[in-house]
Amino acid sequence: MRIIVVVYNFGVISMRSLTEIEQNRLAKLERLQERGESPFPHRAERTHSIAMATQYFSERSSDKEENEENGLEITLCGRLRAVRTMGKLAFAHIEDVSGRIQLLLRADAIGKDRLKQFESDFDLGDIVQVTGKLMETRTGEVTLDLSGFRMLAKSISPLPAAKEVDAEGDRKVYSAFDNVEARYRERYADLAINPHVREIFRVRSRVVSALRSFLDKRDFLEVETPVLQPIYGGAAARPFSTHHNQLHQDLFLRISFELYLKRLLVGGFERVYEIGRDFRNEGVSLTHNPEFTQLEFYWAYADYEDVMQMTEQMVAFVAKKVCNSPLVTYQGHQLNFHPPWRRVSLRDALAEYSDIDYVACSANQLASHFKSRGLKVPSDATRGKLIEMLFSKYVEPHFIQPTFVYDYPRDISPLAKTKEDDSDTVERFEVFVGGLELCNAFTELNDPIDQEQRFLDMGGNYDKDSGEAHPLDLDYLKAMSYGMPPNGGFGMGVDRLVMLLTDQSSIREVILFPHLRSKE
RNA sequence: GGGCCGCUAGCUCAAUUGGCAGAGCAGGGGCCUUUUAAGCCCUUGGUUACAGGUUCGAGUCCUGUGCGGCUCACCA
């Protein structure tokens, strides 16, 4: 590699170091121009997608001769993925979004010079337009016998070279582009050459659309609430902060939608949902990305039992819609989303897997359980926090099949309503699948007096914990003071649902452009 | 943030105990009318992530930095 200045038509387009391959390709680009062929024409023509073309061919007369004699000329577009030159003929493959097809270039059809131009000036990765008639080769592969071709977009940088071939359903890949960092940094290249990566994002799109159709059918109204918020809330997480210059106002990127969506219940909407992005300024892991997609819905006159039922129906609906079955393979396990799902109280779950019955334990006794198990006791954790930590350590990993865990300690659930007969416990559930926490939901607290007290209690904890006061959302309390219908609320990590339905163990594999540390 | 592991050609990977930095694909030049990882002949391509150190000699050993992966912590 060396630093050179490339002069292209009107001026300098690049001063970065170009590889030898890139320099070669720029030379090819110039040869195209010298012949009057634009390397980047304004418009393309296309009569069929590749999938339509092959389908059309196979549905026509089975008489091969007839087919080839009377076949229509069709024009396809796509990326050049393979070239095999053989003297006076050449084979190639192009790929579009619908599939790939073989091309045949014959000197006696297009001319010796034209074939030579193809061989010398067209590269893997070029976007091309090709015209010809469909035929079958000796081996029975549907092939476009070209009468013409043209460049649509010259590829200057070589795509990471993955050689691949479809052989009887087996897709063999040679020199796969599978360096994880490189794939994320150049996701466009990853998508361009790894069809299984494209498929993940097709599934992701179908998941979101299935969620919408499920909720829309049940009269939920899709809404959009502020991403930039003067006060953040609805979850316990550190926010990203930003600033509005003209208003001289500090703002936060939302960490949840909850408080705004419930304001809408005060406003008279009875069923609302939002699918959007949350931002949490915290650790990155296999299951955490700083920005992630969340579904939240709020349902007036329902409680957490109703929400549990709807949750299992909704997720099973999505699985069936997207994977054609409520049975899904995830990391070697067969998950069954068919309702009803197992339900177990947090108390019973913890007793089952750790032999600790927390109802009988004070915070101090819980702390001694920590010590006897060799765990560090956080200095200022509440009793509820200790219970939750024991749960995530001893219980969570056991829940492979979708499982509702219900009834949580009050002091870690400031927005949930307590049980009628137990003021230390709230009507809350979480869903665990494949070892992941997928959903969090509760019978929502709608008593503004109780809510204010909870905020104040939490504020105290946050003061001790981080030195930062937890924001008290007075406007939210005001909204609730007008009268909020009793309701059930629900939140789900959409990225995690996509992980489950695409058998991915890393959240980054289901996010198109996952967050990466900046390079240099 | 801590621990462990990794970083070699455009891509995927080798390189014995510290002893000439290599292969396949991609690229370039040829031959080739049914190939499909086409084949055959020839061939270009390297600041071994970066900066130091030890050594006659470092891809290899040591220190630091960057980035990544895994993991722990954090994350109601």
# chains A, B, ... in the order shown; residues from 1 in each chain; ligands from 1

$ interface_residues --of "chain B" --to "chain A" --cutoff "10 Å" --atoms "only C-alpha atoms (C1' of nucleotides)" --output "VMD selection string"
chain B and resid 1 10 to 13 24 to 28 31 to 39 44 to 46 66 to 70 73 to 76

$ residues_around --residues "Ile200 of chain A" --least-positions-apart "3" --cutoff "12 Å" --atoms "only C-alpha atoms (C1' of nucleotides)" --output "PyMOL selection string"
chain A and resi 191+194-197+203-207+322-323+495+497-504+507-512

$ atom_distance --atom1 "atom CA of His338 of chain A" --atom2 "atom CA of Glu312 of chain A"
7.5 Å

$ residues_around --residues "segment 220-224 of chain A" --least-positions-apart "6" --cutoff "9 Å" --atoms "only C-alpha atoms (C1' of nucleotides)" --output "MDAnalysis selection string"
chainID A and resid 212 214 261 269:276 297:299

$ residues_around --residues "segment 15-22 of chain B" --least-positions-apart "4" --cutoff "9 Å" --atoms "only C-alpha atoms (C1' of nucleotides)" --output "list in words"
U8, G46, U48, U55, G57, A58, G59, U60 and C61 of chain B

$ write_last_selection --atoms "C-alpha atoms (C1' of nucleotides)" --output "short mmCIF file (atom, residue, chain, number, x, y, z; two decimals), in the first residue's frame"
data_model
loop_
_atom_site.label_atom_id
_atom_site.label_comp_id
_atom_site.auth_asym_id
_atom_site.auth_seq_id
_atom_site.Cartn_x
_atom_site.Cartn_y
_atom_site.Cartn_z
"C1'" U B 8 0.39 -12.10 10.15
"C1'" G B 46 3.78 -7.65 4.03
"C1'" U B 48 3.49 -9.50 11.24
"C1'" U B 55 18.99 -10.57 21.65
"C1'" G B 57 19.02 -12.35 15.24
"C1'" A B 58 11.93 -11.21 17.30
"C1'" G B 59 5.67 -12.88 13.89
"C1'" U B 60 7.62 -15.77 18.15
"C1'" C B 61 10.27 -13.46 24.50
#

$ closest_residue --among "A:Ser372, A:Gln117, A:Ser58, A:Ser505" --to "Gly332 of chain A" --atoms "only C-alpha atoms"
A:Ser505

$ select_by_dssp --residues "segment 243-321 of chain A" --states "alpha helix (DSSP H)" --output "list in words"
Glu258, Leu259, Tyr260, Leu261, Lys262, Arg263, Leu264, Leu265, Val266, Tyr304, Glu305, Asp306, Val307, Met308, Gln309, Met310, Thr311, Glu312, Gln313, Met314, Val315, Ala316, Phe317, Val318, Ala319, Lys320 and Lys321 of chain A

$ write_last_selection --atoms "N, CA and C atoms" --output "PDB file, in the first residue's frame"
ATOM      1  N   GLU A 258     -42.331   4.271  29.615  1.00  0.00           N
ATOM      2  CA  GLU A 258     -43.415   4.010  30.545  1.00  0.00           C
ATOM      3  C   GLU A 258     -44.194   5.244  31.008  1.00  0.00           C
ATOM      4  N   LEU A 259     -43.473   6.245  31.518  1.00  0.00           N
ATOM      5  CA  LEU A 259     -44.181   7.353  32.155  1.00  0.00           C
ATOM      6  C   LEU A 259     -44.985   8.162  31.135  1.00  0.00           C
ATOM      7  N   TYR A 260     -44.506   8.255  29.910  1.00  0.00           N
ATOM      8  CA  TYR A 260     -45.268   8.976  28.881  1.00  0.00           C
ATOM      9  C   TYR A 260     -46.463   8.167  28.399  1.00  0.00           C
ATOM     10  N   LEU A 261     -46.266   6.867  28.248  1.00  0.00           N
ATOM     11  CA  LEU A 261     -47.393   6.057  27.759  1.00  0.00           C
ATOM     12  C   LEU A 261     -48.531   6.054  28.787  1.00  0.00           C
ATOM     13  N   LYS A 262     -48.170   6.020  30.057  1.00  0.00           N
ATOM     14  CA  LYS A 262     -49.249   5.997  31.061  1.00  0.00           C
ATOM     15  C   LYS A 262     -49.945   7.355  31.165  1.00  0.00           C
ATOM     16  N   ARG A 263     -49.235   8.441  30.837  1.00  0.00           N
ATOM     17  CA  ARG A 263     -49.920   9.737  30.748  1.00  0.00           C
ATOM     18  C   ARG A 263     -51.057   9.656  29.726  1.00  0.00           C
ATOM     19  N   LEU A 264     -50.835   8.835  28.684  1.00  0.00           N
ATOM     20  CA  LEU A 264     -51.863   8.744  27.635  1.00  0.00           C
ATOM     21  C   LEU A 264     -53.114   8.035  28.147  1.00  0.00           C
ATOM     22  N   LEU A 265     -52.948   7.141  29.130  1.00  0.00           N
ATOM     23  CA  LEU A 265     -54.139   6.510  29.717  1.00  0.00           C
ATOM     24  C   LEU A 265     -54.963   7.555  30.473  1.00  0.00           C
ATOM     25  N   VAL A 266     -54.254   8.486  31.138  1.00  0.00           N
ATOM     26  CA  VAL A 266     -54.960   9.602  31.783  1.00  0.00           C
ATOM     27  C   VAL A 266     -55.725  10.388  30.716  1.00  0.00           C
ATOM     28  N   TYR A 304     -52.082  -7.694  35.765  1.00  0.00           N
ATOM     29  CA  TYR A 304     -50.924  -8.467  35.286  1.00  0.00           C
ATOM     30  C   TYR A 304     -51.278  -9.892  34.884  1.00  0.00           C
ATOM     31  N   GLU A 305     -52.396 -10.418  35.411  1.00  0.00           N
ATOM     32  CA  GLU A 305     -52.852 -11.739  34.955  1.00  0.00           C
ATOM     33  C   GLU A 305     -53.283 -11.668  33.488  1.00  0.00           C
ATOM     34  N   ASP A 306     -54.043 -10.624  33.161  1.00  0.00           N
ATOM     35  CA  ASP A 306     -54.466 -10.448  31.765  1.00  0.00           C
ATOM     36  C   ASP A 306     -53.243 -10.279  30.861  1.00  0.00           C
ATOM     37  N   VAL A 307     -52.279  -9.509  31.366  1.00  0.00           N
ATOM     38  CA  VAL A 307     -51.094  -9.236  30.553  1.00  0.00           C
ATOM     39  C   VAL A 307     -50.284 -10.519  30.340  1.00  0.00           C
ATOM     40  N   MET A 308     -50.228 -11.375  31.369  1.00  0.00           N
ATOM     41  CA  MET A 308     -49.526 -12.658  31.209  1.00  0.00           C
ATOM     42  C   MET A 308     -50.145 -13.462  30.070  1.00  0.00           C
ATOM     43  N   GLN A 309     -51.457 -13.521  30.079  1.00  0.00           N
ATOM     44  CA  GLN A 309     -52.144 -14.291  29.025  1.00  0.00           C
ATOM     45  C   GLN A 309     -51.847 -13.724  27.650  1.00  0.00           C
ATOM     46  N   MET A 310     -51.917 -12.393  27.580  1.00  0.00           N
ATOM     47  CA  MET A 310     -51.687 -11.793  26.274  1.00  0.00           C
ATOM     48  C   MET A 310     -50.234 -11.972  25.842  1.00  0.00           C
ATOM     49  N   THR A 311     -49.320 -11.936  26.790  1.00  0.00           N
ATOM     50  CA  THR A 311     -47.897 -12.092  26.473  1.00  0.00           C
ATOM     51  C   THR A 311     -47.636 -13.439  25.792  1.00  0.00           C
ATOM     52  N   GLU A 312     -48.166 -14.504  26.396  1.00  0.00           N
ATOM     53  CA  GLU A 312     -47.865 -15.817  25.807  1.00  0.00           C
ATOM     54  C   GLU A 312     -48.528 -15.981  24.450  1.00  0.00           C
ATOM     55  N   GLN A 313     -49.714 -15.368  24.322  1.00  0.00           N
ATOM     56  CA  GLN A 313     -50.362 -15.436  23.007  1.00  0.00           C
ATOM     57  C   GLN A 313     -49.577 -14.640  21.969  1.00  0.00           C
ATOM     58  N   MET A 314     -49.125 -13.482  22.368  1.00  0.00           N
ATOM     59  CA  MET A 314     -48.426 -12.599  21.424  1.00  0.00           C
ATOM     60  C   MET A 314     -47.117 -13.214  20.957  1.00  0.00           C
ATOM     61  N   VAL A 315     -46.324 -13.728  21.893  1.00  0.00           N
ATOM     62  CA  VAL A 315     -45.025 -14.270  21.507  1.00  0.00           C
ATOM     63  C   VAL A 315     -45.212 -15.551  20.682  1.00  0.00           C
ATOM     64  N   ALA A 316     -46.188 -16.357  21.061  1.00  0.00           N
ATOM     65  CA  ALA A 316     -46.454 -17.565  20.274  1.00  0.00           C
ATOM     66  C   ALA A 316     -46.911 -17.187  18.864  1.00  0.00           C
ATOM     67  N   PHE A 317     -47.722 -16.137  18.784  1.00  0.00           N
ATOM     68  CA  PHE A 317     -48.187 -15.654  17.473  1.00  0.00           C
ATOM     69  C   PHE A 317     -46.998 -15.235  16.606  1.00  0.00           C
ATOM     70  N   VAL A 318     -46.078 -14.488  17.202  1.00  0.00           N
ATOM     71  CA  VAL A 318     -44.918 -14.009  16.445  1.00  0.00           C
ATOM     72  C   VAL A 318     -44.055 -15.192  16.003  1.00  0.00           C
ATOM     73  N   ALA A 319     -43.839 -16.140  16.927  1.00  0.00           N
ATOM     74  CA  ALA A 319     -43.003 -17.298  16.580  1.00  0.00           C
ATOM     75  C   ALA A 319     -43.613 -18.073  15.413  1.00  0.00           C
ATOM     76  N   LYS A 320     -44.924 -18.262  15.473  1.00  0.00           N
ATOM     77  CA  LYS A 320     -45.589 -18.998  14.394  1.00  0.00           C
ATOM     78  C   LYS A 320     -45.510 -18.240  13.087  1.00  0.00           C
ATOM     79  N   LYS A 321     -45.687 -16.943  13.177  1.00  0.00           N
ATOM     80  CA  LYS A 321     -45.687 -16.100  11.979  1.00  0.00           C
ATOM     81  C   LYS A 321     -44.294 -16.081  11.339  1.00  0.00           C
TER      82      LYS A 321
END

$ select_by_dssp --residues "segment 184-392 of chain A" --states "strand (DSSP E or B)" --output "PyMOL selection string"
chain A and resi 221-222+228-229+241-244+249-253+271-279+285+288+291-300+327-330+333-336+342-345

$ atom_distance --atom1 "atom CA of Gly111 of chain A" --atom2 "atom CA of Ser147 of chain A"
9.5 Å

$ residues_around --residues "Met389 of chain A" --least-positions-apart "3" --cutoff "12 Å" --atoms "only C-alpha atoms (C1' of nucleotides)" --output "PyMOL selection string"
(chain A and resi 346+350+354+366-367+369-370+375-378+381-386+392-396+412) or (chain B and resi 75-76)

$ write_last_selection --atoms "N, CA, C and O atoms (P, O5', C5', C4', C3', O3' and C1' of nucleotides)" --output "mmCIF file, in the first residue's frame"
data_model
loop_
_atom_site.group_PDB
_atom_site.id
_atom_site.type_symbol
_atom_site.label_atom_id
_atom_site.label_comp_id
_atom_site.auth_asym_id
_atom_site.auth_seq_id
_atom_site.Cartn_x
_atom_site.Cartn_y
_atom_site.Cartn_z
ATOM 1 N N LEU A 346 -41.773 -15.763 42.321
ATOM 2 C CA LEU A 346 -40.364 -15.511 42.600
ATOM 3 C C LEU A 346 -39.943 -16.249 43.880
ATOM 4 O O LEU A 346 -38.874 -16.859 43.931
ATOM 5 N N LEU A 350 -37.061 -19.177 43.849
ATOM 6 C CA LEU A 350 -35.820 -19.039 44.608
ATOM 7 C C LEU A 350 -35.678 -20.194 45.604
ATOM 8 O O LEU A 350 -34.588 -20.750 45.779
ATOM 9 N N SER A 354 -32.465 -22.444 45.232
ATOM 10 C CA SER A 354 -31.401 -22.033 46.151
ATOM 11 C C SER A 354 -31.703 -22.403 47.603
ATOM 12 O O SER A 354 -30.897 -22.123 48.488
ATOM 13 N N LEU A 366 -30.575 -12.419 54.708
ATOM 14 C CA LEU A 366 -30.240 -12.618 53.297
ATOM 15 C C LEU A 366 -28.753 -12.365 53.075
ATOM 16 O O LEU A 366 -28.081 -13.114 52.360
ATOM 17 N N ALA A 367 -28.262 -11.326 53.710
ATOM 18 C CA ALA A 367 -26.843 -11.006 53.553
ATOM 19 C C ALA A 367 -25.973 -12.160 54.044
ATOM 20 O O ALA A 367 -24.941 -12.476 53.445
ATOM 21 N N HIS A 369 -26.809 -15.267 53.896
ATOM 22 C CA HIS A 369 -26.851 -16.277 52.820
ATOM 23 C C HIS A 369 -25.819 -15.960 51.751
ATOM 24 O O HIS A 369 -25.171 -16.859 51.204
ATOM 25 N N PHE A 370 -25.668 -14.667 51.455
ATOM 26 C CA PHE A 370 -24.639 -14.254 50.487
ATOM 27 C C PHE A 370 -23.269 -14.723 50.962
ATOM 28 O O PHE A 370 -22.511 -15.319 50.209
ATOM 29 N N LEU A 375 -20.507 -15.023 48.275
ATOM 30 C CA LEU A 375 -20.819 -13.869 47.422
ATOM 31 C C LEU A 375 -20.562 -12.583 48.195
ATOM 32 O O LEU A 375 -20.764 -12.519 49.413
ATOM 33 N N LYS A 376 -20.143 -11.567 47.450
ATOM 34 C CA LYS A 376 -19.906 -10.272 48.066
ATOM 35 C C LYS A 376 -21.265 -9.597 48.306
ATOM 36 O O LYS A 376 -22.122 -9.600 47.423
ATOM 37 N N VAL A 377 -21.449 -9.043 49.498
ATOM 38 C CA VAL A 377 -22.703 -8.352 49.786
ATOM 39 C C VAL A 377 -22.538 -6.875 49.451
ATOM 40 O O VAL A 377 -21.668 -6.215 50.006
ATOM 41 N N PRO A 378 -23.348 -6.371 48.518
ATOM 42 C CA PRO A 378 -23.260 -4.948 48.204
ATOM 43 C C PRO A 378 -23.607 -4.114 49.440
ATOM 44 O O PRO A 378 -24.529 -4.465 50.187
ATOM 45 N N ALA A 381 -27.377 -2.420 49.438
ATOM 46 C CA ALA A 381 -28.492 -3.038 48.740
ATOM 47 C C ALA A 381 -29.685 -3.203 49.687
ATOM 48 O O ALA A 381 -29.526 -3.536 50.857
ATOM 49 N N THR A 382 -30.872 -2.962 49.137
ATOM 50 C CA THR A 382 -32.084 -3.192 49.916
ATOM 51 C C THR A 382 -32.363 -4.690 49.951
ATOM 52 O O THR A 382 -31.751 -5.473 49.222
ATOM 53 N N ARG A 383 -33.332 -5.047 50.771
ATOM 54 C CA ARG A 383 -33.713 -6.448 50.877
ATOM 55 C C ARG A 383 -34.168 -6.974 49.514
ATOM 56 O O ARG A 383 -33.770 -8.060 49.072
ATOM 57 N N GLY A 384 -34.972 -6.175 48.831
ATOM 58 C CA GLY A 384 -35.469 -6.591 47.516
ATOM 59 C C GLY A 384 -34.334 -6.779 46.525
ATOM 60 O O GLY A 384 -34.325 -7.711 45.713
ATOM 61 N N LYS A 385 -33.360 -5.895 46.602
ATOM 62 C CA LYS A 385 -32.218 -5.979 45.693
ATOM 63 C C LYS A 385 -31.443 -7.268 45.934
ATOM 64 O O LYS A 385 -31.006 -7.933 44.983
ATOM 65 N N LEU A 386 -31.285 -7.631 47.212
ATOM 66 C CA LEU A 386 -30.583 -8.873 47.533
ATOM 67 C C LEU A 386 -31.341 -10.076 46.970
ATOM 68 O O LEU A 386 -30.748 -11.004 46.414
ATOM 69 N N SER A 392 -31.135 -13.806 40.114
ATOM 70 C CA SER A 392 -30.450 -13.829 38.815
ATOM 71 C C SER A 392 -29.265 -14.788 38.842
ATOM 72 O O SER A 392 -28.902 -15.361 37.820
ATOM 73 N N LYS A 393 -28.700 -14.989 40.023
ATOM 74 C CA LYS A 393 -27.552 -15.893 40.103
ATOM 75 C C LYS A 393 -27.973 -17.372 40.094
ATOM 76 O O LYS A 393 -27.389 -18.182 39.383
ATOM 77 N N TYR A 394 -29.002 -17.700 40.876
ATOM 78 C CA TYR A 394 -29.310 -19.121 41.070
ATOM 79 C C TYR A 394 -30.482 -19.624 40.242
ATOM 80 O O TYR A 394 -30.604 -20.819 40.003
ATOM 81 N N VAL A 395 -31.363 -18.735 39.810
ATOM 82 C CA VAL A 395 -32.589 -19.196 39.175
ATOM 83 C C VAL A 395 -32.622 -18.936 37.678
ATOM 84 O O VAL A 395 -32.892 -19.835 36.882
ATOM 85 N N GLU A 396 -32.321 -17.698 37.307
ATOM 86 C CA GLU A 396 -32.461 -17.281 35.908
ATOM 87 C C GLU A 396 -31.893 -18.271 34.895
ATOM 88 O O GLU A 396 -32.565 -18.609 33.924
ATOM 89 N N ILE A 412 -38.115 -2.908 44.914
ATOM 90 C CA ILE A 412 -37.398 -2.810 43.633
ATOM 91 C C ILE A 412 -38.372 -2.569 42.487
ATOM 92 O O ILE A 412 -38.003 -2.660 41.327
ATOM 93 P P C B 75 -25.957 -2.375 39.771
ATOM 94 O "O5'" C B 75 -26.733 -2.287 38.378
ATOM 95 C "C5'" C B 75 -26.902 -1.041 37.711
ATOM 96 C "C4'" C B 75 -27.466 -1.290 36.328
ATOM 97 C "C3'" C B 75 -28.772 -2.067 36.279
ATOM 98 O "O3'" C B 75 -29.885 -1.228 36.484
ATOM 99 C "C1'" C B 75 -27.262 -2.953 34.705
ATOM 100 P P A B 76 -30.738 -1.348 37.781
ATOM 101 O "O5'" A B 76 -32.029 -2.229 37.695
ATOM 102 C "C5'" A B 76 -31.968 -3.397 38.493
ATOM 103 C "C4'" A B 76 -33.212 -3.579 39.289
ATOM 104 C "C3'" A B 76 -34.357 -4.083 38.383
ATOM 105 O "O3'" A B 76 -34.994 -5.167 39.047
ATOM 106 C "C1'" A B 76 -35.068 -2.324 39.774
#

$ decode --residues "segment 137-157 of chain A" --atoms "N, CA, C and O atoms" --output "JSON list (two decimals), in the first residue's frame"
[["chain", "number", "residue", "atom", "x", "y", "z"],
["A", 137, "THR", "N", -28.09, -25.17, -18.97],
["A", 137, "THR", "CA", -26.79, -25.69, -19.37],
["A", 137, "THR", "C", -26.87, -27.21, -19.38],
["A", 137, "THR", "O", -27.85, -27.82, -18.98],
["A", 138, "ARG", "N", -25.77, -27.79, -19.81],
["A", 138, "ARG", "CA", -25.63, -29.24, -19.86],
["A", 138, "ARG", "C", -25.95, -29.87, -18.50],
["A", 138, "ARG", "O", -26.50, -30.96, -18.41],
["A", 139, "THR", "N", -25.58, -29.16, -17.44],
["A", 139, "THR", "CA", -25.81, -29.72, -16.11],
["A", 139, "THR", "C", -27.19, -29.35, -15.57],
["A", 139, "THR", "O", -27.51, -29.67, -14.42],
["A", 140, "GLY", "N", -27.99, -28.66, -16.37],
["A", 140, "GLY", "CA", -29.37, -28.40, -15.97],
["A", 140, "GLY", "C", -29.55, -27.13, -15.17],
["A", 140, "GLY", "O", -30.61, -26.90, -14.58],
["A", 141, "GLU", "N", -28.53, -26.28, -15.14],
["A", 141, "GLU", "CA", -28.68, -25.03, -14.38],
["A", 141, "GLU", "C", -29.30, -23.96, -15.25],
["A", 141, "GLU", "O", -28.87, -23.72, -16.38],
["A", 142, "VAL", "N", -30.33, -23.32, -14.70],
["A", 142, "VAL", "CA", -30.97, -22.22, -15.43],
["A", 142, "VAL", "C", -29.97, -21.09, -15.57],
["A", 142, "VAL", "O", -29.36, -20.66, -14.59],
["A", 143, "THR", "N", -29.78, -20.64, -16.78],
["A", 143, "THR", "CA", -28.68, -19.72, -17.10],
["A", 143, "THR", "C", -29.17, -18.68, -18.09],
["A", 143, "THR", "O", -29.95, -18.98, -18.98],
["A", 144, "LEU", "N", -28.71, -17.46, -17.91],
["A", 144, "LEU", "CA", -29.06, -16.40, -18.86],
["A", 144, "LEU", "C", -27.95, -16.31, -19.90],
["A", 144, "LEU", "O", -26.80, -16.01, -19.57],
["A", 145, "ASP", "N", -28.35, -16.59, -21.16],
["A", 145, "ASP", "CA", -27.42, -16.56, -22.28],
["A", 145, "ASP", "C", -27.39, -15.12, -22.80],
["A", 145, "ASP", "O", -28.35, -14.66, -23.41],
["A", 146, "LEU", "N", -26.30, -14.42, -22.54],
["A", 146, "LEU", "CA", -26.32, -12.97, -22.71],
["A", 146, "LEU", "C", -26.23, -12.51, -24.16],
["A", 146, "LEU", "O", -25.48, -13.07, -24.96],
["A", 147, "SER", "N", -27.01, -11.46, -24.44],
["A", 147, "SER", "CA", -26.83, -10.73, -25.68],
["A", 147, "SER", "C", -26.19, -9.38, -25.41],
["A", 147, "SER", "O", -25.71, -8.72, -26.32],
["A", 148, "GLY", "N", -26.20, -8.99, -24.14],
["A", 148, "GLY", "CA", -25.57, -7.71, -23.81],
["A", 148, "GLY", "C", -25.43, -7.55, -22.31],
["A", 148, "GLY", "O", -26.07, -8.25, -21.54],
["A", 149, "PHE", "N", -24.55, -6.64, -21.94],
["A", 149, "PHE", "CA", -24.38, -6.35, -20.51],
["A", 149, "PHE", "C", -23.88, -4.93, -20.39],
["A", 149, "PHE", "O", -23.32, -4.36, -21.34],
["A", 150, "ARG", "N", -24.10, -4.33, -19.24],
["A", 150, "ARG", "CA", -23.52, -3.02, -18.99],
["A", 150, "ARG", "C", -23.27, -2.81, -17.51],
["A", 150, "ARG", "O", -23.91, -3.44, -16.66],
["A", 151, "MET", "N", -22.35, -1.93, -17.24],
["A", 151, "MET", "CA", -22.01, -1.60, -15.86],
["A", 151, "MET", "C", -23.07, -0.69, -15.28],
["A", 151, "MET", "O", -23.54, 0.23, -15.95],
["A", 152, "LEU", "N", -23.48, -0.96, -14.05],
["A", 152, "LEU", "CA", -24.38, -0.04, -13.34],
["A", 152, "LEU", "C", -23.65, 0.69, -12.22],
["A", 152, "LEU", "O", -23.99, 1.82, -11.88],
["A", 153, "ALA", "N", -22.68, 0.01, -11.63],
["A", 153, "ALA", "CA", -21.88, 0.67, -10.58],
["A", 153, "ALA", "C", -20.59, -0.11, -10.44],
["A", 153, "ALA", "O", -20.60, -1.29, -10.08],
["A", 154, "LYS", "N", -19.48, 0.56, -10.75],
["A", 154, "LYS", "CA", -18.18, -0.09, -10.65],
["A", 154, "LYS", "C", -17.77, -0.22, -9.19],
["A", 154, "LYS", "O", -17.84, 0.74, -8.43],
["A", 155, "SER", "N", -17.40, -1.42, -8.82],
["A", 155, "SER", "CA", -16.89, -1.65, -7.46],
["A", 155, "SER", "C", -15.40, -1.37, -7.45],
["A", 155, "SER", "O", -14.65, -1.97, -8.22],
["A", 156, "ILE", "N", -14.98, -0.43, -6.63],
["A", 156, "ILE", "CA", -13.57, -0.05, -6.60],
["A", 156, "ILE", "C", -12.83, -0.83, -5.51],
["A", 156, "ILE", "O", -11.74, -1.34, -5.74],
["A", 157, "SER", "N", -13.43, -0.92, -4.33],
["A", 157, "SER", "CA", -12.81, -1.72, -3.27],
["A", 157, "SER", "C", -13.34, -3.14, -3.36],
["A", 157, "SER", "O", -14.53, -3.35, -3.49]]
